[in-house]
Amino acid sequence: MLPSRVSLVDVGPRDGLQNESRLVASADKIGLVRRLQAAGLREIEVTSFVSPRWVPQMADHAEVLAGIDRPPGVRHSVLVPNLRGLETAMAGGPGRWPDEIVVFGAASEAFSRRNINCSIAESIERFAPVAAAAVQAGIKVRGAISCALGCPYEGEIHPDAVERVVRLMREIGVQHVGVADTIGTGTPRRVQAALERALRHYPIEEVSGHFHDTYGQSLANIYASLELGVSHFDTSVAGLGGCPYARGATGNVATEDVVFMLQGLDIETGIDLDALVDAGVFISDLLGRPPVSRVARALLARRSASAEGHTA
Ligand code: HMG
Ligand code: MG
């Protein structure tokens with residue numbers, strides 16, 4: 001039986017924007033977060049406290065975290081690669097701390113080096129004090145495992161490699177793991193195999209899927225995850241996104257497309273699809289291109305047809 005309720009983390013303000021070469025104003029990032037909150041998102045990844053030399057688009061992380069509204073019941077997360085990132089993320093004082101941090105490792109050695117400039121073992125050494133300090137402060141710690149299905153440098157990744165990182169993350173106190181298909185080459189059975197390795201070490205509510213839609217497999221992969229009982233997914237409004245260190249990888253699966261599929265399965269998300277489409281239009285207009293989301297495009301076409309008096 002599929003879960004009756006699913007939680008979506010909209011990673012649009014972070015994963016969605018990090019790859020954009022034209023700088024988006026901090027006020028517009030804050031405006032996007034506000035629109036996602038209004039659409040009913042209860043988990044939003046707002047920025048990342050990484051080096052501005054590595055990811056210039058995220059250089060305004062402190063302004064964005066300080067500037068967003070903090071309505072009760074909404075969990076705001078940020079990426080943190082090291083202790084310095086955590087210290088900066090916490091510099092605004094307890095009322096402005098992120099609710100959750102994400103440490104991000106990889107199941108591929110080559111990708112780990114390209115993305116965070118260290119081996120997998122070194123990354124875990126770096127994350128250990130970060131996780132301990134965050135937990136001590138009452139901040140939840142998620143771990144993202146990039147290239148869990150495929151790597152732009154190493155090719156297909158075996159589930160053993162995923163399980164190795166899952167185990168290491170568990171040992172250092174990471175409370176939730178996300179199985180990330182960075183380049184979107186995963187297909188349903190392989191996604192299940194990777195998730196099953198995470199489920200050996202984490203309870204089902206602490207395992208999530210993060211699927212980039214480069215090969216159009218994400219909805220099928222989410223359905224395959226639901227079949228296992230997994231009910232947490234990262235998605236990105238308008239289908240924005242990509243990783244600067246995984247060339248050619250496109251955005252995350254669009255939040256609109258996932259919500260539409262889940263509505264059709266009678267699975268509750270608490271998200272208002274029309275308001276979500278508006279949030280996607282807001283950021284897509286700023287970026288000067290239409291939403292990648294197929295559902296958003298279809299609903300927008302229907303809106304304009306009905307405004308012109310046609311039915312679509
Ligand atoms: P490094 O060069 O090994 O580290 O980078 P370093 O300690 O030698 O520092 C180098 C420079 O960065 C120094 O500045 C530090 O001060 C600065 P410089 O003296 O050269 O001017 N620095 C920092 N600045 C701000 N905040 C910090 C920080 N730390 C050092 N926290 C480092 C190591 C991890 C910092 C770097 O590799 C980095 O920032 N990488 C981030 C890459 C990234 O953000 N990738 C995209 C996010 S991951 C992703 O998208 C995947 C995911 O979506 C899941 C999936 O789809 O797979 C999560
Ligand atoms: Mg990603």
# chains A, B, ... in the order shown; residues from 1 in each chain; ligands from 1
call {"tool": "select_by_dssp", "arguments": {"residues": "segment 6-39 of chain A", "states": "strand (DSSP E)", "output": "ChimeraX atom specification"}}
result
/A:7-10
call {"tool": "closest_atom_pairs", "arguments": {"of": "chain A", "to": "ligand 2", "cutoff": "10 Å", "atoms": "only C-alpha atoms and all ligand atoms", "output": "Markdown table"}}
result
| residue | atom | partner | partner_atom_place_in_ligand_line | distance |
| --- | --- | --- | --- | --- |
| A:Val11 | CA | ligand 2 | 1 (Mg) | 8.1 |
| A:Gly12 | CA | ligand 2 | 1 (Mg) | 9.7 |
| A:Arg14 | CA | ligand 2 | 1 (Mg) | 8.9 |
| A:Asp15 | CA | ligand 2 | 1 (Mg) | 5.5 |
| A:Gly16 | CA | ligand 2 | 1 (Mg) | 8.2 |
| A:Gln18 | CA | ligand 2 | 1 (Mg) | 9.7 |
| A:Phe104 | CA | ligand 2 | 1 (Mg) | 9.8 |
| A:Ala144 | CA | ligand 2 | 1 (Mg) | 8.7 |
| A:Ile145 | CA | ligand 2 | 1 (Mg) | 9.6 |
| A:Ser146 | CA | ligand 2 | 1 (Mg) | 7.5 |
| A:Cys147 | CA | ligand 2 | 1 (Mg) | 9.5 |
| A:Ala180 | CA | ligand 2 | 1 (Mg) | 6.7 |
| A:Asp181 | CA | ligand 2 | 1 (Mg) | 7.5 |
| A:Thr182 | CA | ligand 2 | 1 (Mg) | 5.6 |
| A:Ile183 | CA | ligand 2 | 1 (Mg) | 8.6 |
| A:Gly184 | CA | ligand 2 | 1 (Mg) | 9.8 |
| A:His210 | CA | ligand 2 | 1 (Mg) | 6.7 |
| A:Phe211 | CA | ligand 2 | 1 (Mg) | 7.3 |
| A:His212 | CA | ligand 2 | 1 (Mg) | 6.5 |
| A:Asp234 | CA | ligand 2 | 1 (Mg) | 8.5 |
| A:Thr235 | CA | ligand 2 | 1 (Mg) | 9.1 |
| A:Ser236 | CA | ligand 2 | 1 (Mg) | 9.4 |
| A:Gly241 | CA | ligand 2 | 1 (Mg) | 7.2 |
| A:Gly242 | CA | ligand 2 | 1 (Mg) | 6.1 |
| A:Cys243 | CA | ligand 2 | 1 (Mg) | 6.1 |
| A:Pro244 | CA | ligand 2 | 1 (Mg) | 9.8 |
| A:Ala246 | CA | ligand 2 | 1 (Mg) | 9.5 |
| A:Ala249 | CA | ligand 2 | 1 (Mg) | 9.1 |
| A:Thr250 | CA | ligand 2 | 1 (Mg) | 9.2 |
| A:Gly251 | CA | ligand 2 | 1 (Mg) | 7.6 |
| A:Asn252 | CA | ligand 2 | 1 (Mg) | 6.5 |
| A:Val253 | CA | ligand 2 | 1 (Mg) | 9.9 |
call {"tool": "write_last_selection", "arguments": {"atoms": "N, CA, C and O atoms", "output": "compact mmCIF listing (two decimals), in the first residue's frame"}}
result
# COMPACT_ATOMS: atom_id res chain seq x y z
N VAL A 11 13.38 22.37 -2.90
CA VAL A 11 14.79 22.77 -2.89
C VAL A 11 15.07 23.85 -3.95
O VAL A 11 16.22 24.16 -4.23
N GLY A 12 13.98 24.42 -4.50
CA GLY A 12 14.14 25.40 -5.58
C GLY A 12 15.04 26.58 -5.22
O GLY A 12 15.94 26.93 -5.99
N ARG A 14 17.50 26.75 -3.37
CA ARG A 14 18.91 26.35 -3.26
C ARG A 14 19.35 25.57 -4.51
O ARG A 14 20.03 26.11 -5.37
N ASP A 15 18.92 24.34 -4.65
CA ASP A 15 19.34 23.53 -5.79
C ASP A 15 18.88 24.20 -7.09
O ASP A 15 19.60 24.22 -8.09
N GLY A 16 17.66 24.76 -7.03
CA GLY A 16 17.09 25.37 -8.22
C GLY A 16 17.89 26.54 -8.74
O GLY A 16 18.00 26.75 -9.94
N GLN A 18 21.20 27.50 -7.64
CA GLN A 18 22.67 27.50 -7.48
C GLN A 18 23.43 27.46 -8.81
O GLN A 18 24.56 27.91 -8.91
N PHE A 104 26.47 17.30 2.75
CA PHE A 104 26.32 16.63 1.46
C PHE A 104 27.59 15.91 1.06
O PHE A 104 28.62 16.50 0.83
N ALA A 144 22.84 14.33 2.48
CA ALA A 144 22.53 14.03 1.07
C ALA A 144 23.64 13.15 0.52
O ALA A 144 24.82 13.41 0.76
N ILE A 145 23.25 12.11 -0.21
CA ILE A 145 24.25 11.23 -0.83
C ILE A 145 24.14 11.40 -2.34
O ILE A 145 23.26 10.83 -2.99
N SER A 146 25.04 12.22 -2.87
CA SER A 146 25.02 12.49 -4.31
C SER A 146 25.50 11.27 -5.09
O SER A 146 26.21 10.41 -4.56
N CYS A 147 25.14 11.24 -6.35
CA CYS A 147 25.60 10.19 -7.27
C CYS A 147 25.30 8.80 -6.72
O CYS A 147 26.13 7.89 -6.84
N ALA A 180 20.36 10.63 -3.53
CA ALA A 180 20.27 11.64 -4.59
C ALA A 180 20.75 11.10 -5.93
O ALA A 180 21.86 10.59 -6.05
N ASP A 181 19.88 11.24 -6.93
CA ASP A 181 20.25 10.89 -8.29
C ASP A 181 20.64 12.18 -9.00
O ASP A 181 19.85 12.81 -9.70
N THR A 182 21.89 12.54 -8.83
CA THR A 182 22.42 13.84 -9.28
C THR A 182 22.30 14.04 -10.78
O THR A 182 22.03 15.13 -11.25
N ILE A 183 22.52 12.97 -11.54
CA ILE A 183 22.51 13.13 -13.00
C ILE A 183 21.30 12.45 -13.64
O ILE A 183 21.19 12.38 -14.86
N GLY A 184 20.39 11.94 -12.81
CA GLY A 184 19.10 11.49 -13.33
C GLY A 184 19.11 10.22 -14.15
O GLY A 184 18.17 9.95 -14.91
N HIS A 210 15.87 12.18 -3.84
CA HIS A 210 16.18 13.48 -4.45
C HIS A 210 16.55 13.18 -5.90
O HIS A 210 17.65 12.69 -6.16
N PHE A 211 15.60 13.43 -6.78
CA PHE A 211 15.79 12.96 -8.16
C PHE A 211 15.87 14.13 -9.14
O PHE A 211 14.92 14.91 -9.26
N HIS A 212 16.99 14.20 -9.84
CA HIS A 212 17.09 15.15 -10.96
C HIS A 212 16.48 14.47 -12.18
O HIS A 212 16.60 13.26 -12.35
N ASP A 234 12.64 15.38 -2.17
CA ASP A 234 13.05 16.73 -2.53
C ASP A 234 12.54 17.00 -3.94
O ASP A 234 12.70 16.14 -4.83
N THR A 235 11.96 18.17 -4.13
CA THR A 235 11.47 18.54 -5.45
C THR A 235 11.77 20.03 -5.63
O THR A 235 12.09 20.71 -4.65
N SER A 236 11.64 20.52 -6.85
CA SER A 236 12.01 21.91 -7.08
C SER A 236 10.93 22.61 -7.90
O SER A 236 10.56 22.12 -8.98
N GLY A 241 16.94 23.82 -11.49
CA GLY A 241 18.06 23.21 -10.77
C GLY A 241 19.10 22.51 -11.58
O GLY A 241 19.04 22.42 -12.80
N GLY A 242 20.08 22.01 -10.84
CA GLY A 242 21.23 21.35 -11.43
C GLY A 242 22.40 21.54 -10.50
O GLY A 242 22.31 22.32 -9.55
N CYS A 243 23.45 20.83 -10.73
CA CYS A 243 24.61 20.98 -9.86
C CYS A 243 25.75 21.52 -10.70
O CYS A 243 26.06 20.97 -11.76
N PRO A 244 26.41 22.59 -10.24
CA PRO A 244 27.50 23.16 -11.02
C PRO A 244 28.64 22.17 -11.24
O PRO A 244 29.45 22.35 -12.16
N ALA A 246 28.15 18.87 -11.83
CA ALA A 246 27.67 17.72 -12.61
C ALA A 246 27.15 18.28 -13.93
O ALA A 246 25.96 18.50 -14.11
N ALA A 249 23.59 18.01 -16.03
CA ALA A 249 22.47 17.54 -15.20
C ALA A 249 21.43 18.65 -15.15
O ALA A 249 21.75 19.81 -14.93
N THR A 250 20.17 18.29 -15.37
CA THR A 250 19.11 19.30 -15.35
C THR A 250 18.52 19.39 -13.95
O THR A 250 19.04 18.80 -13.00
N GLY A 251 17.40 20.10 -13.87
CA GLY A 251 16.79 20.37 -12.58
C GLY A 251 16.21 19.15 -11.89
O GLY A 251 16.11 18.07 -12.46
N ASN A 252 15.84 19.40 -10.64
CA ASN A 252 15.12 18.38 -9.88
C ASN A 252 13.75 18.17 -10.52
O ASN A 252 13.23 19.05 -11.19
N VAL A 253 13.14 17.06 -10.19
CA VAL A 253 11.76 16.85 -10.61
C VAL A 253 10.93 18.04 -10.10
O VAL A 253 11.13 18.54 -9.00
call {"tool": "closest_residue", "arguments": {"among": "A:Pro3, A:Gly31, A:Gly150, A:Pro98", "to": "Ile283 of chain A", "atoms": "only C-alpha atoms"}}
result
A:Gly31
call {"tool": "residues_around", "arguments": {"residues": "Glu43 of chain A", "least_positions_apart": "6", "cutoff": "7 Å", "atoms": "only C-alpha atoms", "output": "ChimeraX atom specification"}}
result
/A:8-10,74-76
call {"tool": "residues_around", "arguments": {"residues": "segment 64-71 of chain A", "least_positions_apart": "5", "cutoff": "8 Å", "atoms": "only C-alpha atoms", "output": "ChimeraX atom specification"}}
result
/A:26-27,29-30,33-34,46-47,89,92,96,98
call {"tool": "atom_distance", "arguments": {"atom1": "atom CA of Arg289 of chain A", "atom2": "atom CA of Asp213 of chain A"}}
result
17.8 Å
call {"tool": "residues_around", "arguments": {"residues": "Phe127 of chain A", "least_positions_apart": "4", "cutoff": "8 Å", "atoms": "only C-alpha atoms", "output": "VMD selection string"}}
result
chain A and resid 81 to 83 103 123 131 172
call {"tool": "closest_residue", "arguments": {"among": "A:Ala220, A:Ala193, A:Val165, A:Ala275", "to": "Gln37 of chain A", "atoms": "only C-alpha atoms"}}
result
A:Ala275
call {"tool": "residues_around", "arguments": {"residues": "Glu100 of chain A", "least_positions_apart": "3", "cutoff": "7 Å", "atoms": "only C-alpha atoms", "output": "mmCIF file with C-alpha atoms, in the first residue's frame"}}
result
data_model
loop_
_atom_site.group_PDB
_atom_site.id
_atom_site.type_symbol
_atom_site.label_atom_id
_atom_site.label_comp_id
_atom_site.auth_asym_id
_atom_site.auth_seq_id
_atom_site.Cartn_x
_atom_site.Cartn_y
_atom_site.Cartn_z
ATOM 1 C CA HIS A 76 13.812 25.812 6.678
ATOM 2 C CA SER A 77 17.018 24.007 5.800
ATOM 3 C CA VAL A 78 20.394 25.095 4.449
ATOM 4 C CA ILE A 139 19.134 21.653 14.678
ATOM 5 C CA LYS A 140 18.169 18.581 12.686
ATOM 6 C CA VAL A 141 20.865 17.075 10.433
#
call {"tool": "residues_around", "arguments": {"residues": "Gly40 of chain A", "least_positions_apart": "5", "cutoff": "7 Å", "atoms": "only C-alpha atoms", "output": "number ranges by chain"}}
result
A: 270-272
call {"tool": "closest_residue", "arguments": {"among": "A:Met1, A:Ala137, A:Ala25, A:Val102", "to": "ligand 1", "atoms": "only C-alpha atoms and all ligand atoms"}}
result
A:Val102
call {"tool": "closest_residue", "arguments": {"among": "A:Ile44, A:Pro94, A:Asn115, A:Gln57", "to": "ligand 1", "atoms": "only C-alpha atoms and all ligand atoms"}}
result
A:Asn115
call {"tool": "atom_distance", "arguments": {"atom1": "atom CA of Ser231 of chain A", "atom2": "atom CA of Ser208 of chain A"}}
result
7.0 Å
call {"tool": "atom_distance", "arguments": {"atom1": "atom CA of Val237 of chain A", "atom2": "atom CA of Ala279 of chain A"}}
result
7.4 Å
call {"tool": "closest_residue", "arguments": {"among": "A:Glu268, A:Glu87, A:Glu156, A:Glu20", "to": "ligand 1", "atoms": "only C-alpha atoms and all ligand atoms"}}
result
A:Glu87
call {"tool": "closest_residue", "arguments": {"among": "A:Leu36, A:Val80, A:Met261, A:Arg5", "to": "ligand 1", "atoms": "only C-alpha atoms and all ligand atoms"}}
result
A:Val80
call {"tool": "decode", "arguments": {"residues": "segment 217-249 of chain A", "atoms": "N, CA and C atoms", "output": "mmCIF file, in the first residue's frame"}}
result
data_model
loop_
_atom_site.group_PDB
_atom_site.id
_atom_site.type_symbol
_atom_site.label_atom_id
_atom_site.label_comp_id
_atom_site.auth_asym_id
_atom_site.auth_seq_id
_atom_site.Cartn_x
_atom_site.Cartn_y
_atom_site.Cartn_z
ATOM 1 N N GLN A 217 13.037 10.311 -15.717
ATOM 2 C CA GLN A 217 12.672 9.117 -14.935
ATOM 3 C C GLN A 217 12.122 9.428 -13.543
ATOM 4 N N SER A 218 12.094 10.705 -13.186
ATOM 5 C CA SER A 218 11.851 11.021 -11.772
ATOM 6 C C SER A 218 10.481 10.600 -11.252
ATOM 7 N N LEU A 219 9.424 10.841 -12.031
ATOM 8 C CA LEU A 219 8.106 10.467 -11.514
ATOM 9 C C LEU A 219 8.017 8.952 -11.335
ATOM 10 N N ALA A 220 8.555 8.217 -12.285
ATOM 11 C CA ALA A 220 8.560 6.748 -12.148
ATOM 12 C C ALA A 220 9.386 6.349 -10.925
ATOM 13 N N ASN A 221 10.487 7.062 -10.704
ATOM 14 C CA ASN A 221 11.332 6.739 -9.549
ATOM 15 C C ASN A 221 10.640 7.082 -8.231
ATOM 16 N N ILE A 222 9.869 8.146 -8.234
ATOM 17 C CA ILE A 222 9.116 8.475 -7.011
ATOM 18 C C ILE A 222 8.050 7.409 -6.773
ATOM 19 N N TYR A 223 7.380 6.992 -7.836
ATOM 20 C CA TYR A 223 6.363 5.949 -7.656
ATOM 21 C C TYR A 223 7.002 4.667 -7.105
ATOM 22 N N ALA A 224 8.165 4.339 -7.632
ATOM 23 C CA ALA A 224 8.862 3.132 -7.144
ATOM 24 C C ALA A 224 9.250 3.299 -5.675
ATOM 25 N N SER A 225 9.596 4.516 -5.278
ATOM 26 C CA SER A 225 9.943 4.782 -3.879
ATOM 27 C C SER A 225 8.703 4.655 -2.992
ATOM 28 N N LEU A 226 7.575 5.176 -3.500
ATOM 29 C CA LEU A 226 6.315 5.066 -2.746
ATOM 30 C C LEU A 226 5.954 3.600 -2.513
ATOM 31 N N GLU A 227 6.254 2.780 -3.510
ATOM 32 C CA GLU A 227 5.957 1.343 -3.366
ATOM 33 C C GLU A 227 6.708 0.734 -2.185
ATOM 34 N N LEU A 228 7.881 1.314 -1.873
ATOM 35 C CA LEU A 228 8.640 0.823 -0.709
ATOM 36 C C LEU A 228 8.116 1.444 0.592
ATOM 37 N N GLY A 229 7.257 2.457 0.470
ATOM 38 C CA GLY A 229 6.759 3.151 1.668
ATOM 39 C C GLY A 229 7.501 4.448 1.957
ATOM 40 N N VAL A 230 8.471 4.797 1.116
ATOM 41 C CA VAL A 230 9.202 6.060 1.309
ATOM 42 C C VAL A 230 8.243 7.218 1.013
ATOM 43 N N SER A 231 8.246 8.219 1.899
ATOM 44 C CA SER A 231 7.236 9.271 1.771
ATOM 45 C C SER A 231 7.832 10.674 1.895
ATOM 46 N N HIS A 232 9.144 10.803 1.687
ATOM 47 C CA HIS A 232 9.794 12.118 1.706
ATOM 48 C C HIS A 232 10.589 12.295 0.415
ATOM 49 N N PHE A 233 10.357 13.426 -0.239
ATOM 50 C CA PHE A 233 11.074 13.689 -1.490
ATOM 51 C C PHE A 233 11.474 15.151 -1.567
ATOM 52 N N ASP A 234 12.643 15.382 -2.174
ATOM 53 C CA ASP A 234 13.045 16.734 -2.527
ATOM 54 C C ASP A 234 12.539 16.997 -3.939
ATOM 55 N N THR A 235 11.961 18.166 -4.126
ATOM 56 C CA THR A 235 11.474 18.543 -5.454
ATOM 57 C C THR A 235 11.769 20.029 -5.630
ATOM 58 N N SER A 236 11.645 20.517 -6.850
ATOM 59 C CA SER A 236 12.014 21.908 -7.081
ATOM 60 C C SER A 236 10.928 22.608 -7.898
ATOM 61 N N VAL A 237 10.432 23.709 -7.365
ATOM 62 C CA VAL A 237 9.375 24.443 -8.061
ATOM 63 C C VAL A 237 9.836 24.779 -9.477
ATOM 64 N N ALA A 238 8.946 24.624 -10.419
ATOM 65 C CA ALA A 238 9.192 24.906 -11.842
ATOM 66 C C ALA A 238 10.228 23.968 -12.463
ATOM 67 N N GLY A 239 10.735 23.001 -11.680
ATOM 68 C CA GLY A 239 11.751 22.073 -12.206
ATOM 69 C C GLY A 239 13.117 22.719 -12.333
ATOM 70 N N LEU A 240 13.338 23.785 -11.557
ATOM 71 C CA LEU A 240 14.631 24.473 -11.602
ATOM 72 C C LEU A 240 15.729 23.564 -11.071
ATOM 73 N N GLY A 241 16.943 23.822 -11.486
ATOM 74 C CA GLY A 241 18.057 23.208 -10.772
ATOM 75 C C GLY A 241 19.103 22.506 -11.583
ATOM 76 N N GLY A 242 20.078 22.009 -10.841
ATOM 77 C CA GLY A 242 21.228 21.351 -11.434
ATOM 78 C C GLY A 242 22.397 21.545 -10.496
ATOM 79 N N CYS A 243 23.446 20.826 -10.730
ATOM 80 C CA CYS A 243 24.612 20.977 -9.864
ATOM 81 C C CYS A 243 25.749 21.520 -10.704
ATOM 82 N N PRO A 244 26.408 22.594 -10.236
ATOM 83 C CA PRO A 244 27.503 23.158 -11.024
ATOM 84 C C PRO A 244 28.643 22.168 -11.243
ATOM 85 N N TYR A 245 28.725 21.118 -10.410
ATOM 86 C CA TYR A 245 29.816 20.147 -10.553
ATOM 87 C C TYR A 245 29.343 18.829 -11.187
ATOM 88 N N ALA A 246 28.150 18.868 -11.834
ATOM 89 C CA ALA A 246 27.671 17.721 -12.612
ATOM 90 C C ALA A 246 27.151 18.279 -13.932
ATOM 91 N N ARG A 247 28.071 18.542 -14.835
ATOM 92 C CA ARG A 247 27.732 19.215 -16.097
ATOM 93 C C ARG A 247 26.635 18.461 -16.845
ATOM 94 N N GLY A 248 25.661 19.227 -17.354
ATOM 95 C CA GLY A 248 24.600 18.611 -18.154
ATOM 96 C C GLY A 248 23.422 18.118 -17.333
ATOM 97 N N ALA A 249 23.590 18.006 -16.027
ATOM 98 C CA ALA A 249 22.474 17.541 -15.202
ATOM 99 C C ALA A 249 21.428 18.647 -15.151
#
